[in-house]
Amino acid sequence: MHELSLVERLIDMMEQTAREQSFQRIRGIHLEVGSLAGVEVDALRFALDLATPGTLAEGAAIHIETPTGTARCQACEREIERISLHEPCPHCGSHRLKITGGDCLLLKHLEVE
Amino acid sequence: MCTTCGCGETSPEPGRLPTGLAPLTDTGPLRLIRIEQNVLGHNDALARQNRDWLARNGVLALNLVSSPGSGKTSLLERTLTELGEQLAFTVIEGDQQTARDAERIRATGTRAVQVNTGKGCHLDAHQISQALITLAPPGGSVLFIENVGNLVCPALFDLGEAGKVVILSVTEGEDKPVKYPDMFRRAALVILNKIDLLPHLEFDVDACLGHLRQVNPDVPVLELSVTRGTGLSAWYAWLQDQRDQAVRNRP
């Protein structure tokens, strides 16, 4: 359940932004969770429900984009979309794949007042 | 009592917000603030600081990760006892509770710091930076970081180590590498432990290695039994080689 520690860090980031940009309330949180980020979206939502009450993000709407992971095959050098980490390159069957995207948990933007 | 989760808080009536909150429909002017930051960025920055410090001091740091009960602490005890005269070691022990593992390590004569993560399921880079201040590992030494027994959460948290050593014991499922690919794909070395038990099990080593190659095609694998001492010389040779590289690459 590392999602809870990620949410604690997320709240720190939002509180810091609130101090820098002078706002009191967050109405919407926009996140990106890549399919290869190692973060479960349901667990993340659960952790947000647990941890945001009493913070400036209480009651905020949560918007989560989930882009598909991408990789470059080291053998045939083609770019591929990757949903799982153990599947081979669909073009040449190699498992030597370098992940090039969709492996991050990003705080994209906030709707604040 | 709250009817949603059973906590002591009174749940608000349906359609009403908890006290102190303005209704969401009553919005003031909304502003959009672009952030575009990685939530793990803070941990990664601290991990880079740890890695820089370790590299400058020629300290080889290895992050040992596995399921609970794979034999991490036993591997360390035996390694520290048998290699303690050739190499200098320090150990950071991560567990949710107790200092039992640090006590086992100290019994070998090695300095160790216990980090209790409480509810946390992994060590993070901040905990390691604090432990480094306490331990002050000497130049040219090997620092073992024994992470919380968990193949999921520690995968995401870079500590600043030179590499992750993933330990899998043959009493576990041979398909663990594909079940926990986030961890196995980041391994610098995989140790297959408890191989003395293979005659009593249906664990298929080749099938396990096949699963591993799907997520990490080139990772070296050492098969060993800590309790019987099988294969330990290859582990010691790998350790010595990695430590020599850390010393050679010291700026």
# chains A, B, ... in the order shown; residues from 1 in each chain; ligands from 1
call {"tool": "residues_around", "arguments": {"residues": "segment 22-35 of chain A", "least_positions_apart": "2", "cutoff": "8 Å", "atoms": "only C-alpha atoms", "output": "PyMOL selection string"}}
result
(chain A and resi 17-20+37-39+41+56-69+83-84+101-113) or (chain B and resi 24)
call {"tool": "write_last_selection", "arguments": {"atoms": "C-alpha atoms", "output": "CSV table (one decimal), in the first residue's frame"}}
result
chain,number,residue,atom,x,y,z
A,17,THR,CA,2.0,25.1,-3.9
A,18,ALA,CA,-0.8,26.7,-1.8
A,19,ARG,CA,1.8,28.7,0.2
A,20,GLU,CA,3.6,29.8,-3.0
A,37,ALA,CA,4.0,3.4,-12.9
A,38,GLY,CA,3.5,0.6,-10.4
A,39,VAL,CA,0.6,2.5,-8.9
A,41,VAL,CA,-5.5,3.7,-9.5
A,56,LEU,CA,-7.0,21.9,1.8
A,57,ALA,CA,-7.9,19.2,-0.7
A,58,GLU,CA,-10.9,17.9,1.2
A,59,GLY,CA,-13.8,17.3,-1.1
A,60,ALA,CA,-11.7,18.0,-4.2
A,61,ALA,CA,-12.7,16.2,-7.4
A,62,ILE,CA,-10.1,13.7,-8.5
A,63,HIS,CA,-9.3,13.3,-12.2
A,64,ILE,CA,-6.9,10.6,-13.2
A,65,GLU,CA,-5.6,10.0,-16.7
A,66,THR,CA,-4.0,6.6,-17.3
A,67,PRO,CA,-1.8,6.7,-20.4
A,68,THR,CA,-0.5,3.4,-21.7
A,69,GLY,CA,3.2,2.7,-21.2
A,83,ILE,CA,0.4,-2.6,-21.2
A,84,SER,CA,2.4,-5.1,-19.1
A,101,GLY,CA,6.9,6.6,-21.1
A,102,GLY,CA,3.8,5.8,-19.0
A,103,ASP,CA,5.8,4.9,-15.9
A,104,CYS,CA,5.2,8.0,-13.8
A,105,LEU,CA,2.7,9.3,-11.2
A,106,LEU,CA,2.4,13.0,-12.1
A,107,LEU,CA,0.6,15.8,-10.4
A,108,LYS,CA,-0.5,17.6,-13.6
A,109,HIS,CA,-2.5,20.6,-12.4
A,110,LEU,CA,-4.9,21.8,-9.7
A,111,GLU,CA,-8.1,23.7,-9.8
A,112,VAL,CA,-8.0,26.1,-6.9
A,113,GLU,CA,-9.9,29.0,-5.4
B,24,LEU,CA,-19.1,22.4,-3.8
call {"tool": "select_by_dssp", "arguments": {"residues": "chain A", "states": "alpha helix (DSSP H)", "output": "ChimeraX atom specification"}}
result
/A:2-21,41-51
call {"tool": "write_last_selection", "arguments": {"atoms": "N, CA and C atoms", "output": "PDB file, in the first residue's frame"}}
result
ATOM      1  N   HIS A   2       1.814   1.312  -0.968  1.00  0.00           N
ATOM      2  CA  HIS A   2       2.674   2.491  -1.064  1.00  0.00           C
ATOM      3  C   HIS A   2       1.884   3.692  -1.558  1.00  0.00           C
ATOM      4  N   GLU A   3       0.645   3.431  -2.065  1.00  0.00           N
ATOM      5  CA  GLU A   3      -0.180   4.542  -2.544  1.00  0.00           C
ATOM      6  C   GLU A   3      -0.427   5.556  -1.432  1.00  0.00           C
ATOM      7  N   LEU A   4      -0.519   5.079  -0.160  1.00  0.00           N
ATOM      8  CA  LEU A   4      -0.767   6.020   0.933  1.00  0.00           C
ATOM      9  C   LEU A   4       0.433   6.952   1.126  1.00  0.00           C
ATOM     10  N   SER A   5       1.650   6.409   1.038  1.00  0.00           N
ATOM     11  CA  SER A   5       2.797   7.327   1.191  1.00  0.00           C
ATOM     12  C   SER A   5       2.913   8.262  -0.008  1.00  0.00           C
ATOM     13  N   LEU A   6       2.499   7.794  -1.189  1.00  0.00           N
ATOM     14  CA  LEU A   6       2.503   8.687  -2.356  1.00  0.00           C
ATOM     15  C   LEU A   6       1.497   9.831  -2.154  1.00  0.00           C
ATOM     16  N   VAL A   7       0.343   9.495  -1.575  1.00  0.00           N
ATOM     17  CA  VAL A   7      -0.672  10.528  -1.332  1.00  0.00           C
ATOM     18  C   VAL A   7      -0.187  11.515  -0.272  1.00  0.00           C
ATOM     19  N   GLU A   8       0.516  11.017   0.754  1.00  0.00           N
ATOM     20  CA  GLU A   8       1.050  11.936   1.764  1.00  0.00           C
ATOM     21  C   GLU A   8       2.013  12.933   1.110  1.00  0.00           C
ATOM     22  N   ARG A   9       2.835  12.434   0.206  1.00  0.00           N
ATOM     23  CA  ARG A   9       3.766  13.310  -0.514  1.00  0.00           C
ATOM     24  C   ARG A   9       2.996  14.292  -1.420  1.00  0.00           C
ATOM     25  N   LEU A  10       1.943  13.783  -2.041  1.00  0.00           N
ATOM     26  CA  LEU A  10       1.096  14.611  -2.900  1.00  0.00           C
ATOM     27  C   LEU A  10       0.488  15.766  -2.101  1.00  0.00           C
ATOM     28  N   ILE A  11       0.039  15.485  -0.889  1.00  0.00           N
ATOM     29  CA  ILE A  11      -0.540  16.532  -0.038  1.00  0.00           C
ATOM     30  C   ILE A  11       0.534  17.567   0.325  1.00  0.00           C
ATOM     31  N   ASP A  12       1.755  17.089   0.633  1.00  0.00           N
ATOM     32  CA  ASP A  12       2.864  18.036   0.892  1.00  0.00           C
ATOM     33  C   ASP A  12       3.071  18.959  -0.307  1.00  0.00           C
ATOM     34  N   MET A  13       3.055  18.353  -1.519  1.00  0.00           N
ATOM     35  CA  MET A  13       3.275  19.157  -2.727  1.00  0.00           C
ATOM     36  C   MET A  13       2.170  20.199  -2.892  1.00  0.00           C
ATOM     37  N   MET A  14       0.928  19.785  -2.611  1.00  0.00           N
ATOM     38  CA  MET A  14      -0.197  20.704  -2.792  1.00  0.00           C
ATOM     39  C   MET A  14      -0.150  21.820  -1.752  1.00  0.00           C
ATOM     40  N   GLU A  15       0.242  21.483  -0.524  1.00  0.00           N
ATOM     41  CA  GLU A  15       0.318  22.508   0.526  1.00  0.00           C
ATOM     42  C   GLU A  15       1.425  23.502   0.223  1.00  0.00           C
ATOM     43  N   GLN A  16       2.529  22.991  -0.304  1.00  0.00           N
ATOM     44  CA  GLN A  16       3.633  23.890  -0.675  1.00  0.00           C
ATOM     45  C   GLN A  16       3.185  24.839  -1.799  1.00  0.00           C
ATOM     46  N   THR A  17       2.483  24.274  -2.796  1.00  0.00           N
ATOM     47  CA  THR A  17       1.987  25.106  -3.894  1.00  0.00           C
ATOM     48  C   THR A  17       1.006  26.160  -3.373  1.00  0.00           C
ATOM     49  N   ALA A  18       0.187  25.768  -2.384  1.00  0.00           N
ATOM     50  CA  ALA A  18      -0.789  26.719  -1.817  1.00  0.00           C
ATOM     51  C   ALA A  18      -0.072  27.885  -1.145  1.00  0.00           C
ATOM     52  N   ARG A  19       1.037  27.597  -0.462  1.00  0.00           N
ATOM     53  CA  ARG A  19       1.805  28.684   0.179  1.00  0.00           C
ATOM     54  C   ARG A  19       2.418  29.607  -0.873  1.00  0.00           C
ATOM     55  N   GLU A  20       2.947  28.987  -1.948  1.00  0.00           N
ATOM     56  CA  GLU A  20       3.620  29.789  -2.978  1.00  0.00           C
ATOM     57  C   GLU A  20       2.622  30.610  -3.798  1.00  0.00           C
ATOM     58  N   GLN A  21       1.437  30.029  -4.041  1.00  0.00           N
ATOM     59  CA  GLN A  21       0.504  30.665  -4.978  1.00  0.00           C
ATOM     60  C   GLN A  21      -0.729  31.233  -4.268  1.00  0.00           C
ATOM     61  N   VAL A  41      -4.619   2.496  -9.478  1.00  0.00           N
ATOM     62  CA  VAL A  41      -5.506   3.659  -9.457  1.00  0.00           C
ATOM     63  C   VAL A  41      -6.563   3.526  -8.348  1.00  0.00           C
ATOM     64  N   ASP A  42      -7.122   2.334  -8.169  1.00  0.00           N
ATOM     65  CA  ASP A  42      -8.142   2.158  -7.122  1.00  0.00           C
ATOM     66  C   ASP A  42      -7.537   2.399  -5.740  1.00  0.00           C
ATOM     67  N   ALA A  43      -6.332   1.877  -5.526  1.00  0.00           N
ATOM     68  CA  ALA A  43      -5.667   2.063  -4.227  1.00  0.00           C
ATOM     69  C   ALA A  43      -5.322   3.534  -4.017  1.00  0.00           C
ATOM     70  N   LEU A  44      -4.980   4.209  -5.110  1.00  0.00           N
ATOM     71  CA  LEU A  44      -4.660   5.639  -5.015  1.00  0.00           C
ATOM     72  C   LEU A  44      -5.898   6.443  -4.626  1.00  0.00           C
ATOM     73  N   ARG A  45      -7.027   6.121  -5.256  1.00  0.00           N
ATOM     74  CA  ARG A  45      -8.278   6.820  -4.919  1.00  0.00           C
ATOM     75  C   ARG A  45      -8.667   6.549  -3.459  1.00  0.00           C
ATOM     76  N   PHE A  46      -8.496   5.304  -3.046  1.00  0.00           N
ATOM     77  CA  PHE A  46      -8.803   4.924  -1.660  1.00  0.00           C
ATOM     78  C   PHE A  46      -7.920   5.723  -0.695  1.00  0.00           C
ATOM     79  N   ALA A  47      -6.628   5.819  -1.028  1.00  0.00           N
ATOM     80  CA  ALA A  47      -5.692   6.546  -0.163  1.00  0.00           C
ATOM     81  C   ALA A  47      -6.035   8.034  -0.132  1.00  0.00           C
ATOM     82  N   LEU A  48      -6.472   8.593  -1.258  1.00  0.00           N
ATOM     83  CA  LEU A  48      -6.873  10.007  -1.296  1.00  0.00           C
ATOM     84  C   LEU A  48      -8.101  10.235  -0.407  1.00  0.00           C
ATOM     85  N   ASP A  49      -9.046   9.284  -0.468  1.00  0.00           N
ATOM     86  CA  ASP A  49     -10.241   9.395   0.385  1.00  0.00           C
ATOM     87  C   ASP A  49      -9.856   9.379   1.858  1.00  0.00           C
ATOM     88  N   LEU A  50      -8.846   8.566   2.183  1.00  0.00           N
ATOM     89  CA  LEU A  50      -8.418   8.439   3.577  1.00  0.00           C
ATOM     90  C   LEU A  50      -7.668   9.667   4.056  1.00  0.00           C
ATOM     91  N   ALA A  51      -6.813  10.214   3.192  1.00  0.00           N
ATOM     92  CA  ALA A  51      -5.818  11.177   3.670  1.00  0.00           C
ATOM     93  C   ALA A  51      -6.193  12.641   3.445  1.00  0.00           C
TER      94      ALA A  51
END
call {"tool": "interface_residues", "arguments": {"of": "chain B", "to": "chain A", "cutoff": "6 Å", "atoms": "only C-alpha atoms", "output": "VMD selection string"}}
result
chain B and resid 30 to 39 153 214 to 215
call {"tool": "write_last_selection", "arguments": {"atoms": "C-alpha atoms", "output": "mmCIF file, in the first residue's frame"}}
result
data_model
loop_
_atom_site.group_PDB
_atom_site.id
_atom_site.type_symbol
_atom_site.label_atom_id
_atom_site.label_comp_id
_atom_site.auth_asym_id
_atom_site.auth_seq_id
_atom_site.Cartn_x
_atom_site.Cartn_y
_atom_site.Cartn_z
ATOM 1 C CA LEU B 30 -11.522 28.920 -10.021
ATOM 2 C CA ARG B 31 -7.886 29.154 -11.061
ATOM 3 C CA LEU B 32 -5.977 26.477 -12.898
ATOM 4 C CA ILE B 33 -2.432 25.944 -11.680
ATOM 5 C CA ARG B 34 -0.074 23.883 -13.812
ATOM 6 C CA ILE B 35 2.292 21.716 -11.802
ATOM 7 C CA GLU B 36 3.499 18.809 -13.973
ATOM 8 C CA GLN B 37 5.645 17.271 -11.227
ATOM 9 C CA ASN B 38 6.495 13.664 -10.526
ATOM 10 C CA VAL B 39 5.148 12.701 -7.105
ATOM 11 C CA CYS B 153 6.262 -1.118 -2.606
ATOM 12 C CA GLN B 214 10.789 -12.052 -19.628
ATOM 13 C CA VAL B 215 11.162 -9.014 -17.386
#
call {"tool": "atom_distance", "arguments": {"atom1": "atom CA of Leu132 of chain B", "atom2": "atom CA of Arg48 of chain B"}}
result
13.6 Å
call {"tool": "residues_around", "arguments": {"residues": "Ala71 of chain A", "least_positions_apart": "4", "cutoff": "8 Å", "atoms": "only C-alpha atoms", "output": "PDB file with N, CA and C atoms, in the first residue's frame"}}
result
ATOM      1  N   GLU A  79       9.314   1.504 -31.728  1.00  0.00           N
ATOM      2  CA  GLU A  79       8.560   2.014 -30.588  1.00  0.00           C
ATOM      3  C   GLU A  79       7.307   1.161 -30.430  1.00  0.00           C
ATOM      4  N   ILE A  80       6.985   0.768 -29.203  1.00  0.00           N
ATOM      5  CA  ILE A  80       5.786  -0.039 -29.002  1.00  0.00           C
ATOM      6  C   ILE A  80       4.996   0.468 -27.805  1.00  0.00           C
ATOM      7  N   GLU A  81       3.694   0.176 -27.828  1.00  0.00           N
ATOM      8  CA  GLU A  81       2.861   0.438 -26.659  1.00  0.00           C
ATOM      9  C   GLU A  81       2.920  -0.797 -25.787  1.00  0.00           C
ATOM     10  N   ARG A  82       3.005  -0.568 -24.481  1.00  0.00           N
ATOM     11  CA  ARG A  82       3.154  -1.702 -23.573  1.00  0.00           C
ATOM     12  C   ARG A  82       2.168  -1.595 -22.435  1.00  0.00           C
ATOM     13  N   LEU A  97      13.459  -4.552 -23.740  1.00  0.00           N
ATOM     14  CA  LEU A  97      12.657  -3.366 -24.002  1.00  0.00           C
ATOM     15  C   LEU A  97      13.005  -2.286 -23.003  1.00  0.00           C
ATOM     16  N   LYS A  98      13.170  -1.079 -23.507  1.00  0.00           N
ATOM     17  CA  LYS A  98      13.460   0.047 -22.614  1.00  0.00           C
ATOM     18  C   LYS A  98      12.201   0.891 -22.503  1.00  0.00           C
ATOM     19  N   ILE A  99      11.731   1.084 -21.296  1.00  0.00           N
ATOM     20  CA  ILE A  99      10.505   1.863 -21.106  1.00  0.00           C
ATOM     21  C   ILE A  99      10.777   3.332 -21.408  1.00  0.00           C
ATOM     22  N   THR A 100       9.908   3.929 -22.215  1.00  0.00           N
ATOM     23  CA  THR A 100      10.123   5.329 -22.619  1.00  0.00           C
ATOM     24  C   THR A 100       9.009   6.259 -22.126  1.00  0.00           C
ATOM     25  N   GLY A 101       7.935   5.708 -21.579  1.00  0.00           N
ATOM     26  CA  GLY A 101       6.858   6.578 -21.088  1.00  0.00           C
ATOM     27  C   GLY A 101       5.792   5.777 -20.368  1.00  0.00           C
TER      28      GLY A 101
END
call {"tool": "closest_residue", "arguments": {"among": "B:Gly71, B:His122, B:Pro217, B:Leu143", "to": "Asn57 of chain B", "atoms": "only C-alpha atoms"}}
result
B:Leu143
call {"tool": "closest_residue", "arguments": {"among": "B:Ile105, B:Ala246, B:Ile167, B:Val91", "to": "Trp53 of chain B", "atoms": "only C-alpha atoms"}}
result
B:Ala246
call {"tool": "closest_residue", "arguments": {"among": "B:Cys121, B:Met183, B:Val226, B:Val59", "to": "Ala155 of chain B", "atoms": "only C-alpha atoms"}}
result
B:Met183
call {"tool": "closest_residue", "arguments": {"among": "B:Ser74, B:Thr230, B:Ser67, B:Gln97", "to": "Leu151 of chain B", "atoms": "only C-alpha atoms"}}
result
B:Ser67
call {"tool": "select_by_dssp", "arguments": {"residues": "chain A", "states": "strand (DSSP E or B)", "output": "PyMOL selection string"}}
result
chain A and resi 26-33+61-65+69-73+79-82+97-101+105-112
call {"tool": "residues_around", "arguments": {"residues": "segment 234-243 of chain B", "least_positions_apart": "3", "cutoff": "7 Å", "atoms": "only C-alpha atoms", "output": "ChimeraX atom specification"}}
result
/B:60,142,222,231,246-247
call {"tool": "write_last_selection", "arguments": {"atoms": "N, CA and C atoms", "output": "tab-separated table (two decimals), in the first residue's frame"}}
result
chain	number	residue	atom	x	y	z
B	60	LEU	N	30.05	0.93	-1.61
B	60	LEU	CA	29.09	0.16	-2.41
B	60	LEU	C	27.83	-0.05	-1.59
B	142	VAL	N	31.23	-1.77	2.24
B	142	VAL	CA	29.98	-2.22	1.63
B	142	VAL	C	28.85	-1.90	2.60
B	222	LEU	N	22.40	-15.93	-9.17
B	222	LEU	CA	23.22	-16.85	-8.37
B	222	LEU	C	22.29	-17.79	-7.62
B	231	GLY	N	27.18	-22.34	-3.10
B	231	GLY	CA	27.15	-21.20	-4.02
B	231	GLY	C	27.59	-19.88	-3.42
B	246	ALA	N	33.32	0.15	-7.21
B	246	ALA	CA	32.93	1.37	-6.49
B	246	ALA	C	34.16	2.14	-6.06
B	247	VAL	N	35.19	1.42	-5.63
B	247	VAL	CA	36.43	2.08	-5.18
B	247	VAL	C	37.16	2.69	-6.38
call {"tool": "residues_around", "arguments": {"residues": "Ala55 of chain B", "least_positions_apart": "3", "cutoff": "12 Å", "atoms": "only C-alpha atoms", "output": "NGL selection string"}}
result
:B and (48-52 or 58-61 or 137-143 or 160-162 or 243 or 245-251)
call {"tool": "decode", "arguments": {"residues": "segment 148-231 of chain B", "atoms": "C-alpha atoms", "output": "PDB file, in the first residue's frame"}}
result
ATOM      1  CA  VAL B 148      11.114  -4.268   4.366  1.00  0.00           C
ATOM      2  CA  GLY B 149      10.096  -7.761   3.171  1.00  0.00           C
ATOM      3  CA  ASN B 150       7.783  -6.815   0.312  1.00  0.00           C
ATOM      4  CA  LEU B 151       8.103  -7.286  -3.452  1.00  0.00           C
ATOM      5  CA  VAL B 152       5.739  -4.448  -4.362  1.00  0.00           C
ATOM      6  CA  CYS B 153       6.262  -1.118  -2.606  1.00  0.00           C
ATOM      7  CA  PRO B 154      10.091  -0.958  -2.274  1.00  0.00           C
ATOM      8  CA  ALA B 155      10.361  -1.228  -6.077  1.00  0.00           C
ATOM      9  CA  LEU B 156       9.267   2.380  -6.573  1.00  0.00           C
ATOM     10  CA  PHE B 157      11.454   4.055  -3.981  1.00  0.00           C
ATOM     11  CA  ASP B 158      15.012   4.663  -5.100  1.00  0.00           C
ATOM     12  CA  LEU B 159      17.273   4.844  -2.046  1.00  0.00           C
ATOM     13  CA  GLY B 160      20.447   5.878  -3.866  1.00  0.00           C
ATOM     14  CA  GLU B 161      21.852   2.355  -3.926  1.00  0.00           C
ATOM     15  CA  ALA B 162      24.244   1.092  -6.575  1.00  0.00           C
ATOM     16  CA  GLY B 163      21.909  -1.817  -7.271  1.00  0.00           C
ATOM     17  CA  LYS B 164      18.998  -3.892  -6.038  1.00  0.00           C
ATOM     18  CA  VAL B 165      19.668  -7.497  -5.076  1.00  0.00           C
ATOM     19  CA  VAL B 166      16.379  -9.396  -5.339  1.00  0.00           C
ATOM     20  CA  ILE B 167      16.253 -12.618  -3.341  1.00  0.00           C
ATOM     21  CA  LEU B 168      13.763 -15.313  -4.259  1.00  0.00           C
ATOM     22  CA  SER B 169      13.636 -18.565  -2.314  1.00  0.00           C
ATOM     23  CA  VAL B 170      12.608 -21.810  -3.969  1.00  0.00           C
ATOM     24  CA  THR B 171       9.824 -22.309  -1.415  1.00  0.00           C
ATOM     25  CA  GLU B 172       8.013 -19.471  -3.188  1.00  0.00           C
ATOM     26  CA  GLY B 173       6.251 -19.548  -6.555  1.00  0.00           C
ATOM     27  CA  GLU B 174       8.501 -19.911  -9.585  1.00  0.00           C
ATOM     28  CA  ASP B 175       6.384 -17.319 -11.438  1.00  0.00           C
ATOM     29  CA  LYS B 176       7.107 -14.479  -8.998  1.00  0.00           C
ATOM     30  CA  PRO B 177       9.259 -12.559 -11.526  1.00  0.00           C
ATOM     31  CA  VAL B 178       6.248 -12.036 -13.831  1.00  0.00           C
ATOM     32  CA  LYS B 179       3.864 -11.472 -10.914  1.00  0.00           C
ATOM     33  CA  TYR B 180       6.087  -8.733  -9.471  1.00  0.00           C
ATOM     34  CA  PRO B 181       7.763  -7.372 -12.608  1.00  0.00           C
ATOM     35  CA  ASP B 182       8.288  -3.861 -11.200  1.00  0.00           C
ATOM     36  CA  MET B 183      10.757  -5.281  -8.725  1.00  0.00           C
ATOM     37  CA  PHE B 184      12.445  -7.960 -10.841  1.00  0.00           C
ATOM     38  CA  ARG B 185      12.989  -5.654 -13.807  1.00  0.00           C
ATOM     39  CA  ARG B 186      15.038  -3.328 -11.577  1.00  0.00           C
ATOM     40  CA  ALA B 187      17.280  -6.082 -10.164  1.00  0.00           C
ATOM     41  CA  ALA B 188      21.047  -5.810 -10.628  1.00  0.00           C
ATOM     42  CA  LEU B 189      21.398  -9.356  -9.264  1.00  0.00           C
ATOM     43  CA  VAL B 190      18.896 -12.101  -8.492  1.00  0.00           C
ATOM     44  CA  ILE B 191      19.682 -14.668  -5.816  1.00  0.00           C
ATOM     45  CA  LEU B 192      17.790 -17.949  -5.845  1.00  0.00           C
ATOM     46  CA  ASN B 193      18.055 -19.102  -2.230  1.00  0.00           C
ATOM     47  CA  LYS B 194      17.328 -22.333  -0.314  1.00  0.00           C
ATOM     48  CA  ILE B 195      18.300 -24.549  -3.270  1.00  0.00           C
ATOM     49  CA  ASP B 196      19.154 -27.338  -0.802  1.00  0.00           C
ATOM     50  CA  LEU B 197      15.373 -27.803  -0.508  1.00  0.00           C
ATOM     51  CA  LEU B 198      14.852 -28.437  -4.238  1.00  0.00           C
ATOM     52  CA  PRO B 199      14.696 -32.258  -3.917  1.00  0.00           C
ATOM     53  CA  HIS B 200      11.653 -31.851  -1.647  1.00  0.00           C
ATOM     54  CA  LEU B 201       9.815 -29.323  -3.825  1.00  0.00           C
ATOM     55  CA  GLU B 202       8.258 -29.074  -7.271  1.00  0.00           C
ATOM     56  CA  PHE B 203       9.992 -25.765  -7.972  1.00  0.00           C
ATOM     57  CA  ASP B 204      11.207 -25.720 -11.596  1.00  0.00           C
ATOM     58  CA  VAL B 205      14.402 -23.625 -11.687  1.00  0.00           C
ATOM     59  CA  ASP B 206      14.443 -23.375 -15.500  1.00  0.00           C
ATOM     60  CA  ALA B 207      10.817 -22.218 -15.583  1.00  0.00           C
ATOM     61  CA  CYS B 208      11.605 -19.607 -12.931  1.00  0.00           C
ATOM     62  CA  LEU B 209      14.588 -18.345 -14.927  1.00  0.00           C
ATOM     63  CA  GLY B 210      12.387 -18.232 -18.040  1.00  0.00           C
ATOM     64  CA  HIS B 211       9.916 -15.995 -16.193  1.00  0.00           C
ATOM     65  CA  LEU B 212      12.776 -13.830 -14.987  1.00  0.00           C
ATOM     66  CA  ARG B 213      14.173 -13.421 -18.526  1.00  0.00           C
ATOM     67  CA  GLN B 214      10.789 -12.052 -19.628  1.00  0.00           C
ATOM     68  CA  VAL B 215      11.162  -9.014 -17.386  1.00  0.00           C
ATOM     69  CA  ASN B 216      14.951  -8.720 -17.032  1.00  0.00           C
ATOM     70  CA  PRO B 217      16.736 -10.623 -19.849  1.00  0.00           C
ATOM     71  CA  ASP B 218      20.325  -9.931 -18.811  1.00  0.00           C
ATOM     72  CA  VAL B 219      20.353  -9.937 -15.017  1.00  0.00           C
ATOM     73  CA  PRO B 220      22.940 -12.267 -13.443  1.00  0.00           C
ATOM     74  CA  VAL B 221      21.508 -15.033 -11.233  1.00  0.00           C
ATOM     75  CA  LEU B 222      23.217 -16.849  -8.365  1.00  0.00           C
ATOM     76  CA  GLU B 223      21.759 -20.083  -7.024  1.00  0.00           C
ATOM     77  CA  LEU B 224      22.688 -20.688  -3.428  1.00  0.00           C
ATOM     78  CA  SER B 225      21.817 -22.132  -0.061  1.00  0.00           C
ATOM     79  CA  VAL B 226      22.731 -19.879   2.830  1.00  0.00           C
ATOM     80  CA  THR B 227      22.240 -22.586   5.449  1.00  0.00           C
ATOM     81  CA  ARG B 228      24.343 -25.215   3.598  1.00  0.00           C
ATOM     82  CA  GLY B 229      26.861 -22.715   2.221  1.00  0.00           C
ATOM     83  CA  THR B 230      26.268 -23.810  -1.390  1.00  0.00           C
ATOM     84  CA  GLY B 231      27.147 -21.204  -4.017  1.00  0.00           C
TER      85      GLY B 231
END
